[in-house]
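Everything below belongs to query28.txt, which stores compact mmCIF, C-alpha atoms.
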```txt
# COMPACT_ATOMS: atom_id res chain seq x y z
CA MET N 135 -17.71 -72.36 -43.58
CA THR N 136 -20.29 -69.64 -43.37
CA THR N 137 -22.15 -68.23 -46.29
CA GLN N 138 -21.19 -64.98 -47.90
CA ALA N 139 -24.59 -63.41 -47.55
CA SER N 140 -24.25 -59.87 -46.29
CA ARG N 141 -24.95 -59.59 -42.61
CA PRO N 142 -25.68 -56.63 -40.40
CA ASP N 143 -22.71 -55.01 -38.76
CA ILE N 144 -21.30 -57.41 -36.25
CA PRO N 145 -18.22 -57.11 -34.08
CA GLU N 146 -15.11 -57.95 -36.03
CA THR N 147 -14.05 -60.56 -33.51
CA SER N 148 -16.69 -63.14 -34.43
CA THR N 149 -15.19 -66.62 -34.58
CA GLU N 150 -16.89 -68.03 -37.67
CA ARG N 151 -15.59 -66.04 -40.58
CA PRO N 152 -16.40 -66.16 -44.25
CA CYS N 153 -13.47 -67.18 -46.42
CA PRO N 154 -12.85 -68.12 -50.06
CA GLN N 155 -14.37 -71.52 -50.84
CA SER N 156 -12.00 -72.72 -53.54
CA LEU N 157 -9.25 -71.76 -55.92
CA SER N 158 -11.79 -70.77 -58.56
CA ASP N 159 -13.63 -68.65 -55.98
CA LEU N 160 -10.33 -66.83 -55.38
CA PHE N 161 -9.63 -66.45 -59.09
CA ILE N 162 -13.09 -65.12 -59.88
CA SER N 163 -13.22 -62.84 -56.83
CA PHE N 164 -9.90 -61.23 -57.67
CA THR N 165 -10.82 -60.92 -61.35
CA LEU N 166 -13.97 -59.04 -60.35
CA LEU N 167 -12.01 -56.87 -57.91
CA ALA N 168 -9.48 -55.99 -60.58
CA LEU N 169 -12.17 -55.15 -63.13
CA GLN N 170 -13.77 -52.67 -60.72
CA GLY N 171 -10.47 -50.96 -60.05
CA PHE N 172 -10.41 -47.86 -62.20
CA GLY N 173 -7.45 -45.73 -61.19
CA GLY N 174 -6.24 -48.29 -58.66
CA VAL N 175 -7.57 -51.48 -57.13
CA MET N 176 -6.80 -50.90 -53.44
CA ALA N 177 -9.99 -49.01 -52.58
CA VAL N 178 -12.07 -51.76 -54.17
CA VAL N 179 -10.23 -54.50 -52.29
CA GLN N 180 -10.89 -52.77 -48.97
CA ARG N 181 -14.55 -52.21 -49.79
CA GLU N 182 -15.23 -55.69 -51.15
CA LEU N 183 -13.05 -58.02 -49.07
CA VAL N 184 -13.36 -56.22 -45.74
CA GLU N 185 -16.81 -54.67 -45.82
CA ARG N 186 -18.79 -56.98 -48.10
CA LYS N 187 -17.22 -60.44 -48.13
CA ARG N 188 -15.58 -60.05 -44.70
CA TRP N 189 -12.64 -62.31 -45.54
CA LEU N 190 -10.49 -59.86 -43.58
CA THR N 191 -11.01 -57.51 -40.68
CA ARG N 192 -10.03 -53.89 -41.06
CA GLU N 193 -7.03 -54.47 -38.80
CA GLU N 194 -5.87 -57.46 -40.85
CA PHE N 195 -6.29 -55.45 -44.03
CA VAL N 196 -4.05 -52.67 -42.72
CA GLU N 197 -1.41 -55.19 -41.69
CA ASP N 198 -1.52 -56.98 -45.04
CA TRP N 199 -1.46 -53.70 -46.88
CA ALA N 200 1.62 -52.66 -44.88
CA VAL N 201 3.41 -55.82 -45.95
CA ALA N 202 2.22 -55.48 -49.55
CA GLN N 203 3.54 -51.94 -49.56
CA ILE N 204 6.95 -52.72 -48.14
CA MET N 205 7.74 -55.65 -50.45
CA PRO N 206 8.97 -55.09 -54.00
CA GLY N 207 6.33 -55.31 -56.69
CA PRO N 208 2.94 -53.66 -57.23
CA ASN N 209 0.96 -53.33 -53.99
CA VAL N 210 -2.31 -54.83 -55.13
CA VAL N 211 -0.53 -57.74 -56.80
CA ASN N 212 1.35 -58.38 -53.56
CA LEU N 213 -1.90 -58.15 -51.63
CA SER N 214 -3.46 -60.82 -53.86
CA LEU N 215 -0.46 -63.10 -53.21
CA ILE N 216 -0.77 -62.60 -49.45
CA ILE N 217 -4.52 -63.20 -49.25
CA GLY N 218 -4.54 -66.09 -51.71
CA GLY N 219 -1.52 -67.70 -50.06
CA ARG N 220 -3.11 -67.53 -46.63
CA TYR N 221 -5.99 -69.80 -47.59
CA PHE N 222 -4.57 -72.21 -50.15
CA GLY N 223 -0.78 -71.90 -50.03
CA TRP N 224 1.10 -71.29 -53.26
CA ARG N 225 -1.85 -72.48 -55.34
CA GLY N 226 -4.06 -69.87 -53.70
CA ALA N 227 -1.45 -67.18 -54.27
CA LEU N 228 -1.25 -68.18 -57.91
CA ALA N 229 -5.03 -68.23 -58.34
CA ALA N 230 -5.46 -64.75 -56.81
CA PHE N 231 -2.45 -63.43 -58.75
CA ALA N 232 -3.81 -64.82 -62.03
CA GLY N 233 -7.24 -63.40 -61.24
CA MET N 234 -5.78 -59.97 -60.63
CA LEU N 235 -3.88 -59.90 -63.94
CA THR N 236 -5.22 -62.21 -66.67
CA VAL N 237 -8.49 -60.63 -67.73
CA PRO N 238 -7.31 -57.04 -67.09
CA LEU N 239 -4.24 -57.72 -69.26
CA VAL N 240 -6.36 -58.90 -72.19
CA LEU N 241 -8.74 -56.01 -71.65
CA ILE N 242 -6.04 -53.35 -71.57
CA LEU N 243 -4.54 -54.56 -74.84
CA VAL N 244 -7.98 -54.34 -76.45
CA ILE N 245 -8.46 -50.87 -74.99
CA ALA N 246 -5.03 -49.77 -76.22
CA VAL N 247 -5.97 -50.72 -79.78
CA LEU N 248 -9.44 -49.14 -79.63
CA TYR N 249 -8.53 -46.09 -77.56
CA ALA N 250 -5.57 -44.81 -79.57
CA PRO N 251 -7.64 -42.95 -82.22
CA TYR N 252 -9.79 -41.24 -79.55
CA ALA N 253 -7.10 -40.31 -77.05
CA HIS N 254 -7.48 -36.60 -77.70
CA GLU N 255 -11.26 -36.55 -78.14
CA PRO N 256 -12.55 -33.94 -75.61
CA HIS N 257 -15.36 -36.19 -74.35
CA VAL N 258 -12.92 -38.97 -73.59
CA VAL N 259 -10.53 -36.60 -71.86
CA ARG N 260 -13.35 -35.18 -69.68
CA ILE N 261 -14.67 -38.62 -68.77
CA LEU N 262 -11.24 -39.76 -67.69
CA ARG N 263 -10.70 -36.63 -65.60
CA ALA N 264 -14.05 -37.05 -63.84
CA MET N 265 -13.42 -40.74 -63.18
CA GLY N 266 -10.00 -39.82 -61.86
CA ALA N 267 -11.65 -37.44 -59.37
CA VAL N 268 -13.95 -40.26 -58.20
CA ALA N 269 -11.00 -42.64 -57.92
CA SER N 270 -9.07 -40.25 -55.68
CA GLY N 271 -12.17 -39.86 -53.49
CA LEU N 272 -12.33 -43.65 -53.16
CA ILE N 273 -8.74 -43.79 -51.97
CA ILE N 274 -9.15 -40.93 -49.47
CA ALA N 275 -12.28 -42.60 -48.06
CA THR N 276 -10.35 -45.85 -47.72
CA GLY N 277 -7.64 -44.03 -45.78
CA ILE N 278 -10.22 -42.49 -43.45
CA ARG N 279 -11.81 -45.92 -42.91
CA LEU N 280 -8.44 -47.44 -42.11
CA LEU N 281 -7.78 -44.78 -39.46
CA GLY N 282 -10.35 -46.73 -37.42
CA ALA N 283 -8.05 -49.75 -37.44
CA LEU N 284 -5.48 -47.79 -35.45
CA HIS N 285 -7.57 -47.83 -32.27
CA LYS N 286 -6.31 -51.32 -31.49
CA ASN N 287 -2.72 -50.61 -32.49
CA ALA N 288 0.04 -51.62 -30.10
CA VAL N 289 1.66 -48.21 -30.41
CA GLY N 290 -1.46 -46.51 -29.07
CA LEU N 291 -3.83 -44.17 -30.88
CA PRO N 292 -2.09 -40.80 -30.29
CA LEU N 293 1.31 -42.04 -31.44
CA SER N 294 -0.30 -43.86 -34.36
CA LEU N 295 -1.97 -40.68 -35.54
CA LEU N 296 1.29 -38.78 -35.16
CA LEU N 297 3.19 -41.34 -37.25
CA GLY N 298 0.46 -41.44 -39.88
CA GLY N 299 0.31 -37.64 -39.95
CA LEU N 300 4.07 -37.34 -40.41
CA CYS N 301 3.96 -39.82 -43.26
CA PHE N 302 1.13 -37.88 -44.90
CA VAL N 303 3.06 -34.61 -44.66
CA ALA N 304 6.26 -36.21 -45.97
CA VAL N 305 4.57 -37.64 -49.04
CA ALA N 306 1.64 -35.33 -49.83
CA VAL N 307 3.11 -31.97 -48.78
CA LEU N 308 6.89 -32.31 -49.01
CA HIS N 309 6.74 -34.78 -51.95
CA LEU N 310 9.59 -36.87 -50.57
CA PRO N 311 10.35 -40.11 -52.42
CA LEU N 312 8.30 -42.90 -50.89
CA VAL N 313 11.23 -44.89 -49.55
CA TYR N 314 12.23 -42.22 -47.00
CA PRO N 315 9.00 -42.06 -44.98
CA LEU N 316 8.34 -45.77 -45.52
CA PHE N 317 11.66 -46.86 -44.10
CA GLY N 318 12.55 -43.86 -41.93
CA LEU N 319 9.24 -43.59 -40.09
CA GLY N 320 8.74 -47.33 -40.47
CA ILE N 321 11.84 -48.24 -38.46
CA ILE N 322 10.88 -45.84 -35.65
CA ALA N 323 7.32 -47.15 -35.62
CA CYS N 324 8.40 -50.80 -35.60
CA ALA N 325 10.84 -50.13 -32.74
CA LEU N 326 8.05 -48.46 -30.75
CA ALA N 327 5.71 -51.37 -31.40
CA TYR N 328 8.43 -53.87 -30.47
CA ARG N 329 8.89 -52.21 -27.10
CA LYS N 330 5.14 -52.15 -26.41
CA LEU N 331 4.56 -55.80 -27.32
CA LYS N 332 5.41 -58.13 -24.50
CA PRO N 333 7.73 -60.97 -25.47
CA MET O 23 0.86 -40.39 -81.29
CA ASN O 24 1.28 -42.36 -84.49
CA THR O 25 4.79 -41.33 -85.35
CA ALA O 26 5.83 -44.93 -84.78
CA LEU O 27 9.42 -45.99 -84.74
CA HIS O 28 10.73 -48.79 -86.93
CA LEU O 29 13.15 -50.90 -85.02
CA HIS O 30 15.22 -53.92 -85.88
CA PHE O 31 15.30 -55.98 -82.74
CA THR O 32 17.99 -58.62 -82.35
CA MET O 33 17.99 -61.39 -79.78
CA ALA O 34 20.42 -59.29 -77.77
CA ASP O 35 17.91 -56.42 -77.70
CA TRP O 36 15.13 -58.69 -76.44
CA LEU O 37 17.48 -59.99 -73.79
CA GLN O 38 18.38 -56.46 -72.69
CA LEU O 39 14.72 -55.49 -72.51
CA THR O 40 14.01 -58.55 -70.37
CA LEU O 41 16.94 -57.87 -68.09
CA HIS O 42 15.91 -54.25 -67.66
CA TYR O 43 12.51 -55.28 -66.31
CA LEU O 44 13.86 -58.17 -64.26
CA SER O 45 16.21 -55.78 -62.48
CA LEU O 46 13.55 -53.08 -62.00
CA SER O 47 11.24 -55.64 -60.45
CA LEU O 48 13.19 -56.07 -57.24
CA ILE O 49 13.70 -52.35 -56.69
CA SER O 50 10.06 -51.44 -57.38
CA LEU O 51 9.38 -50.54 -53.75
CA GLY O 52 6.49 -48.25 -53.03
CA GLY O 53 4.46 -48.87 -56.13
CA ALA O 54 5.10 -49.57 -59.75
CA ILE O 55 4.73 -45.98 -60.83
CA ALA O 56 7.82 -45.12 -58.78
CA THR O 57 9.93 -47.00 -61.33
CA ALA O 58 8.42 -45.17 -64.32
CA PRO O 59 11.13 -42.46 -64.40
CA ASP O 60 13.81 -45.11 -64.75
CA MET O 61 11.90 -46.84 -67.55
CA HIS O 62 11.62 -43.50 -69.33
CA ARG O 63 15.34 -42.88 -68.99
CA TYR O 64 16.17 -46.30 -70.42
CA LEU O 65 13.47 -47.03 -73.01
CA VAL O 66 12.92 -43.53 -74.41
CA GLY O 67 16.14 -41.71 -73.65
CA GLU O 68 18.85 -44.31 -73.96
CA GLN O 69 17.56 -47.01 -76.33
CA HIS O 70 14.96 -45.03 -78.33
CA TRP O 71 12.66 -48.04 -78.35
CA LEU O 72 9.60 -45.95 -77.45
CA THR O 73 8.44 -42.45 -78.32
CA ASP O 74 7.57 -39.99 -75.58
CA ASP O 75 3.93 -40.14 -76.64
CA GLN O 76 3.82 -43.92 -76.47
CA PHE O 77 5.37 -43.81 -73.02
CA THR O 78 2.92 -41.23 -71.64
CA SER O 79 -0.16 -42.80 -73.18
CA SER O 80 0.81 -46.24 -71.85
CA ILE O 81 0.65 -44.86 -68.32
CA ALA O 82 -2.52 -42.85 -68.96
CA ILE O 83 -4.40 -45.82 -70.43
CA ALA O 84 -3.36 -48.15 -67.61
CA GLN O 85 -4.54 -45.67 -65.00
CA ALA O 86 -7.87 -45.13 -66.70
CA ALA O 87 -8.53 -48.78 -67.47
CA PRO O 88 -9.70 -51.27 -64.86
CA GLY O 89 -7.05 -53.45 -63.28
CA PRO O 90 -3.73 -52.92 -61.58
CA ASN O 91 -1.82 -49.89 -62.85
CA ILE O 92 1.27 -52.07 -63.32
CA LEU O 93 -0.24 -53.13 -66.64
CA PHE O 94 1.31 -49.99 -68.11
CA VAL O 95 4.42 -52.15 -68.36
CA ALA O 96 2.60 -54.53 -70.71
CA LEU O 97 1.46 -51.58 -72.82
CA MET O 98 5.03 -50.32 -73.11
CA GLY O 99 6.07 -53.82 -74.20
CA TRP O 100 3.21 -53.86 -76.68
CA ASN O 101 4.32 -50.55 -78.19
CA ILE O 102 7.95 -51.63 -78.36
CA GLY O 103 6.84 -54.84 -80.06
CA LEU O 104 4.78 -52.90 -82.58
CA ASN O 105 7.71 -50.62 -83.26
CA ALA O 106 9.86 -53.70 -83.87
CA GLY O 107 7.43 -55.74 -85.97
CA THR O 108 3.83 -56.80 -86.17
CA THR O 109 0.86 -57.36 -83.87
CA ALA O 110 2.26 -60.77 -82.96
CA THR O 111 5.55 -59.20 -81.93
CA GLY O 112 3.57 -56.69 -79.88
CA LEU O 113 1.69 -59.41 -78.03
CA MET O 114 4.86 -61.36 -77.38
CA ALA O 115 6.62 -58.25 -76.08
CA ALA O 116 3.67 -57.35 -73.84
CA LEU O 117 3.80 -60.77 -72.18
CA LEU O 118 7.58 -60.71 -71.97
CA THR O 119 7.77 -57.32 -70.24
CA ILE O 120 4.96 -57.86 -67.73
CA ALA O 121 6.28 -61.32 -66.85
CA SER O 122 9.80 -59.98 -66.36
CA MET O 123 8.49 -57.11 -64.25
CA LEU O 124 6.46 -59.37 -61.97
CA LEU O 125 8.38 -62.64 -61.68
CA PRO O 126 11.20 -61.66 -59.29
CA SER O 127 9.07 -59.46 -57.02
CA THR O 128 6.29 -62.06 -56.88
CA ILE O 129 8.65 -64.85 -55.82
CA ALA O 130 10.34 -62.63 -53.23
CA THR O 131 7.03 -61.39 -51.81
CA TYR O 132 5.48 -64.85 -51.69
CA MET O 133 8.47 -66.37 -49.91
CA ALA O 134 8.80 -63.51 -47.42
CA THR O 135 5.10 -63.35 -46.60
CA SER O 136 4.66 -67.09 -46.19
CA TRP O 137 7.65 -67.10 -43.84
CA ALA O 138 6.03 -64.25 -41.89
CA HIS O 139 2.71 -66.09 -41.86
CA ARG O 140 4.31 -69.24 -40.40
CA ASN O 141 6.03 -67.07 -37.79
CA GLN O 142 3.18 -64.65 -37.19
CA HIS O 143 3.48 -64.99 -33.41
CA LEU O 144 7.10 -63.88 -33.28
CA ARG O 145 7.44 -60.58 -31.48
CA ALA O 146 9.42 -59.10 -34.37
CA VAL O 147 6.79 -60.05 -36.96
CA ARG O 148 3.97 -58.62 -34.85
CA ALA O 149 5.99 -55.46 -34.17
CA PHE O 150 6.63 -55.02 -37.88
CA LYS O 151 2.95 -55.27 -38.82
CA GLN O 152 1.73 -53.15 -35.91
CA GLY O 153 4.42 -50.54 -36.41
CA MET O 154 3.96 -50.20 -40.16
CA ALA O 155 0.17 -49.88 -39.94
CA PRO O 156 -0.02 -46.17 -38.98
CA VAL O 157 2.65 -45.23 -41.53
CA VAL O 158 0.80 -47.07 -44.27
CA VAL O 159 -2.54 -45.46 -43.40
CA GLY O 160 -0.83 -42.07 -43.71
CA LEU O 161 0.49 -43.20 -47.06
CA VAL O 162 -2.95 -44.20 -48.34
CA LEU O 163 -4.31 -40.77 -47.44
CA ALA O 164 -1.32 -39.10 -49.08
CA THR O 165 -1.86 -41.11 -52.27
CA GLY O 166 -5.48 -40.02 -52.46
CA TRP O 167 -4.50 -36.43 -51.74
CA ILE O 168 -1.87 -36.36 -54.48
CA LEU O 169 -4.25 -37.85 -57.05
CA ALA O 170 -7.00 -35.42 -56.06
CA SER O 171 -4.72 -32.41 -56.36
CA THR O 172 -3.29 -33.29 -59.77
CA PRO O 173 -5.87 -30.97 -61.38
CA ASP O 174 -4.48 -27.82 -59.80
CA GLN O 175 -6.30 -24.77 -61.19
CA PRO O 176 -8.99 -23.78 -58.68
CA ALA O 177 -11.02 -21.69 -61.11
CA ARG O 178 -11.33 -24.52 -63.63
CA ASP O 179 -10.90 -27.64 -61.50
CA TRP O 180 -13.14 -26.98 -58.51
CA PRO O 181 -15.90 -29.26 -59.86
CA LEU O 182 -13.42 -32.15 -59.89
CA TRP O 183 -12.51 -31.45 -56.27
CA LEU O 184 -16.22 -31.36 -55.46
CA ILE O 185 -16.66 -34.78 -57.07
CA THR O 186 -13.80 -36.12 -54.96
CA ALA O 187 -15.31 -34.69 -51.76
CA ILE O 188 -18.79 -36.05 -52.55
CA THR O 189 -17.29 -39.46 -53.31
CA VAL O 190 -15.56 -39.51 -49.93
CA VAL O 191 -18.81 -38.73 -48.11
CA LEU O 192 -20.85 -41.28 -50.09
CA VAL O 193 -18.32 -44.06 -49.53
CA LEU O 194 -18.14 -43.37 -45.81
CA LYS O 195 -21.84 -42.79 -45.17
CA THR O 196 -23.53 -45.26 -47.52
CA ARG O 197 -22.99 -48.78 -48.85
CA ILE O 198 -23.33 -47.66 -52.45
CA HIS O 199 -21.38 -49.77 -54.92
CA ILE O 200 -18.17 -48.28 -56.25
CA LEU O 201 -19.18 -48.87 -59.87
CA TRP O 202 -22.18 -46.54 -59.51
CA LEU O 203 -19.87 -43.78 -58.35
CA LEU O 204 -17.47 -44.34 -61.24
CA GLY O 205 -20.37 -44.48 -63.65
CA ALA O 206 -21.81 -41.22 -62.31
CA GLY O 207 -18.37 -39.63 -62.69
CA ALA O 208 -18.15 -40.82 -66.29
CA LEU O 209 -21.60 -39.38 -67.07
CA LEU O 210 -20.72 -36.00 -65.55
CA GLY O 211 -17.60 -35.98 -67.68
CA TRP O 212 -19.45 -37.00 -70.85
CA PHE O 213 -21.97 -34.19 -70.48
CA GLY O 214 -19.19 -31.71 -69.85
CA LEU O 215 -20.35 -30.80 -66.37
CA VAL O 216 -16.86 -31.00 -64.98
```

As a first step, turn the structure in this file into structure tokens.
Amino acid sequence: MTTQASRPDIPETSTERPCPQSLSDLFISFTLLALQGFGGVMAVVQRELVERKRWLTREEFVEDWAVAQIMPGPNVVNLSLIIGGRYFGWRGALAAFAGMLTVPLVLILVIAVLYAPYAHEPHVVRILRAMGAVASGLIIATGIRLLGALHKNAVGLPLSLLLGGLCFVAVAVLHLPLVYPLFGLGIIACALAYRKLKP
Amino acid sequence: MNTALHLHFTMADWLQLTLHYLSLSLISLGGAIATAPDMHRYLVGEQHWLTDDQFTSSIAIAQAAPGPNILFVALMGWNIGLNAGTTATGLMAALLTIASMLLPSTIATYMATSWAHRNQHLRAVRAFKQGMAPVVVGLVLATGWILASTPDQPARDWPLWLITAITVVLVLKTRIHILWLLGAGALLGWFGLV
């Protein structure tokens, strides 16, 4: 396949696409993704796999993220299963899954032991708050990026923005439990898409 | 923080702990953190296996540390294990809880998504992915919004909001690596500028 060297911006429809080379490539890539994910891994996955490595297009990422979100289990773990499984079947899913969890699990146990005495140290509290502010900026930026993927959506851009906007209001403003917008709006949106897609 | 409990765990207790996580796994729709209230009810309220402090700090550490936030489950297991015995018990309990939390959902997700991948040209599968996309993008933005507005006192917290806004612009307008941004945030925090 092609190399993973970064290329200038090219249309996302190019035929030769970079992809993971092996199971260990998957394991290492997902370990590195997980280790960069302070306050959530999703923003890093979008940045690294879509914009740098180009294993996925923006549109594919949104679709995969939708599936990862709707299935039980943590979103980023589900995403690793989906992406790993696509290239190498169950072994790929396992490699990406293990990459996402093994090293971070060891690390977090070490941190738990070391961190406990300093939990209330003002410096530590301030650092965590500032990194939290960065992490939320990363997620908002990811959301704005993903809006671009809606141009090609079967439902059409105006309806897409309406559905996305309603979901935002339901969760961010009205603080409804996630399942209501996810399934309520989801069913409407899927029905609309079903009608638009020709059999 | 260190008012640890001293528990005597029987095999039946370990089994109950495992079953609790196995059953939560399949209903953990919409993110792991959504199941945290139920864990609190069971582990802290009902069984008294964890203190309130241990529960809260498990979540806080997992969110601050690199890696998926679901690892807070392993930290809760670790604390329960410590309360019930030694470091070895803690390690065993950490592995037991995270494995129980992830095994059912992982199998279900893998089977469902590989079915969908084999049938990706079915109209229903395409409609599902296309239809869910706008809803999910709205959800990503909402997640970021909620996290950004957790600090909620304008007079004190405006520098944090400014950091969030600057981060958004830098990510969208430049190709700067995420770790630089996180590092810059950490420095600002260390020097007390936010």

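Note that atom CA of O:Ser45 and atom CA of O:Val157 are 27.1 Å apart.
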
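Atom CA of N:Tyr252 is found 23.1 Å from atom CA of O:His28.
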
For chain N versus chain O, which residues have an atom no more than 6 Å away, and what is each residue's nearest atom pair and distance in Å rounded to one decimal, using all atoms listed in the file, chain-then-number order, as JSON lines?
```
{"residue": "N:Ala168", "atom": "CA", "partner": "O:Gly89", "partner_atom": "CA", "distance": 4.4}
{"residue": "N:Leu169", "atom": "CA", "partner": "O:Pro88", "partner_atom": "CA", "distance": 4.9}
{"residue": "N:Gln170", "atom": "CA", "partner": "O:Pro88", "partner_atom": "CA", "distance": 6.0}
{"residue": "N:Gly171", "atom": "CA", "partner": "O:Pro88", "partner_atom": "CA", "distance": 4.9}
{"residue": "N:Phe172", "atom": "CA", "partner": "O:Pro88", "partner_atom": "CA", "distance": 4.4}
{"residue": "N:Gly173", "atom": "CA", "partner": "O:Gln85", "partner_atom": "CA", "distance": 4.8}
{"residue": "N:Val196", "atom": "CA", "partner": "O:Ala155", "partner_atom": "CA", "distance": 5.8}
{"residue": "N:Glu197", "atom": "CA", "partner": "O:Lys151", "partner_atom": "CA", "distance": 5.2}
{"residue": "N:Ala200", "atom": "CA", "partner": "O:Val158", "partner_atom": "CA", "distance": 5.7}
{"residue": "N:Gln203", "atom": "CA", "partner": "O:Gly52", "partner_atom": "CA", "distance": 5.9}
{"residue": "N:Met205", "atom": "CA", "partner": "O:Thr131", "partner_atom": "CA", "distance": 5.9}
{"residue": "N:Pro206", "atom": "CA", "partner": "O:Leu51", "partner_atom": "CA", "distance": 4.6}
{"residue": "N:Gly207", "atom": "CA", "partner": "O:Ser127", "partner_atom": "CA", "distance": 5.0}
{"residue": "N:Pro208", "atom": "CA", "partner": "O:Gly53", "partner_atom": "CA", "distance": 5.1}
{"residue": "N:Pro238", "atom": "CA", "partner": "O:Gly89", "partner_atom": "CA", "distance": 5.2}
{"residue": "N:His257", "atom": "CA", "partner": "O:Trp212", "partner_atom": "CA", "distance": 5.4}
{"residue": "N:Arg260", "atom": "CA", "partner": "O:Gly211", "partner_atom": "CA", "distance": 4.8}
{"residue": "N:Ile261", "atom": "CA", "partner": "O:Gly211", "partner_atom": "CA", "distance": 4.1}
{"residue": "N:Ala264", "atom": "CA", "partner": "O:Gly207", "partner_atom": "CA", "distance": 5.2}
{"residue": "N:Met265", "atom": "CA", "partner": "O:Gly207", "partner_atom": "CA", "distance": 5.1}
{"residue": "N:Ala267", "atom": "CA", "partner": "O:Thr186", "partner_atom": "CA", "distance": 5.1}
{"residue": "N:Val268", "atom": "CA", "partner": "O:Thr186", "partner_atom": "CA", "distance": 5.3}
{"residue": "N:Ser270", "atom": "CA", "partner": "O:Gly166", "partner_atom": "CA", "distance": 4.8}
{"residue": "N:Gly271", "atom": "CA", "partner": "O:Thr186", "partner_atom": "CA", "distance": 4.3}
{"residue": "N:Ile273", "atom": "CA", "partner": "O:Gly166", "partner_atom": "CA", "distance": 5.0}
{"residue": "N:Ile274", "atom": "CA", "partner": "O:Gly166", "partner_atom": "CA", "distance": 4.8}
{"residue": "N:Ala275", "atom": "CA", "partner": "O:Val190", "partner_atom": "CA", "distance": 4.9}
{"residue": "N:Gly277", "atom": "CA", "partner": "O:Leu163", "partner_atom": "CA", "distance": 4.9}
{"residue": "N:Ser294", "atom": "CA", "partner": "O:Pro156", "partner_atom": "CA", "distance": 5.2}
{"residue": "N:Leu297", "atom": "CA", "partner": "O:Val157", "partner_atom": "CA", "distance": 5.8}
{"residue": "N:Gly298", "atom": "CA", "partner": "O:Gly160", "partner_atom": "CA", "distance": 4.1}
{"residue": "N:Gly299", "atom": "CA", "partner": "O:Gly160", "partner_atom": "CA", "distance": 5.9}
{"residue": "N:Cys301", "atom": "CA", "partner": "O:Gly160", "partner_atom": "CA", "distance": 5.3}
{"residue": "N:Phe302", "atom": "CA", "partner": "O:Gly160", "partner_atom": "CA", "distance": 4.8}
{"residue": "N:Ala306", "atom": "CA", "partner": "O:Ala164", "partner_atom": "CA", "distance": 4.9}
{"residue": "N:Gly320", "atom": "CA", "partner": "O:Met154", "partner_atom": "CA", "distance": 5.6}
{"residue": "N:Ala323", "atom": "CA", "partner": "O:Gly153", "partner_atom": "CA", "distance": 4.5}
{"residue": "N:Cys324", "atom": "CA", "partner": "O:Gly153", "partner_atom": "CA", "distance": 4.1}
{"residue": "N:Ala327", "atom": "CA", "partner": "O:Ala149", "partner_atom": "CA", "distance": 4.9}
{"residue": "N:Tyr328", "atom": "CA", "partner": "O:Ala149", "partner_atom": "CA", "distance": 4.7}
```

Open item on the list: What's the separation between atom CA of N:Gly218 and atom CA of N:Phe317, in Å to one decimal place?
Closed with: 26.3 Å

Do a neighbour search on O:Met114 at 12 Å with all atoms listed in the file, toss out local chain neighbours closer than 5 positions, and write the hits as a short mmCIF file (atom, residue, chain, number, x, y, z; two decimals) with C-alpha atoms, in the frame of the given file.
```
data_model
loop_
_atom_site.label_atom_id
_atom_site.label_comp_id
_atom_site.auth_asym_id
_atom_site.auth_seq_id
_atom_site.Cartn_x
_atom_site.Cartn_y
_atom_site.Cartn_z
CA LEU N 243 -4.54 -54.56 -74.84
CA TRP O 36 15.13 -58.69 -76.44
CA THR O 40 14.01 -58.55 -70.37
CA ALA O 96 2.60 -54.53 -70.71
CA LEU O 97 1.46 -51.58 -72.82
CA MET O 98 5.03 -50.32 -73.11
CA GLY O 99 6.07 -53.82 -74.20
CA TRP O 100 3.21 -53.86 -76.68
CA ASN O 101 4.32 -50.55 -78.19
CA ILE O 102 7.95 -51.63 -78.36
CA GLY O 103 6.84 -54.84 -80.06
CA LEU O 104 4.78 -52.90 -82.58
CA ALA O 106 9.86 -53.70 -83.87
CA GLY O 107 7.43 -55.74 -85.97
CA THR O 108 3.83 -56.80 -86.17
CA THR O 109 0.86 -57.36 -83.87
CA THR O 119 7.77 -57.32 -70.24
CA ILE O 120 4.96 -57.86 -67.73
CA ALA O 121 6.28 -61.32 -66.85
#
```

Since the input lacks some atoms of stretch 57-63 of chain O, please model N, CA and C atoms and print them as a CSV table (one decimal), in the frame of the given file.
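The resulting file, result_2.csv, is reproduced below:
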```csv
chain,number,residue,atom,x,y,z
O,57,THR,N,8.8,-46.6,-60.5
O,57,THR,CA,9.9,-47.0,-61.3
O,57,THR,C,9.8,-46.4,-62.7
O,58,ALA,N,8.7,-45.7,-63.0
O,58,ALA,CA,8.4,-45.2,-64.3
O,58,ALA,C,9.5,-44.2,-64.8
O,59,PRO,N,10.1,-43.3,-63.9
O,59,PRO,CA,11.1,-42.5,-64.4
O,59,PRO,C,12.3,-43.2,-64.9
O,60,ASP,N,12.7,-44.3,-64.3
O,60,ASP,CA,13.8,-45.1,-64.8
O,60,ASP,C,13.5,-45.8,-66.1
O,61,MET,N,12.3,-46.3,-66.3
O,61,MET,CA,11.9,-46.8,-67.6
O,61,MET,C,12.0,-45.8,-68.6
O,62,HIS,N,11.6,-44.6,-68.3
O,62,HIS,CA,11.6,-43.5,-69.3
O,62,HIS,C,13.1,-43.2,-69.7
O,63,ARG,N,13.9,-43.1,-68.7
O,63,ARG,CA,15.3,-42.9,-69.0
O,63,ARG,C,15.9,-43.9,-69.9
```
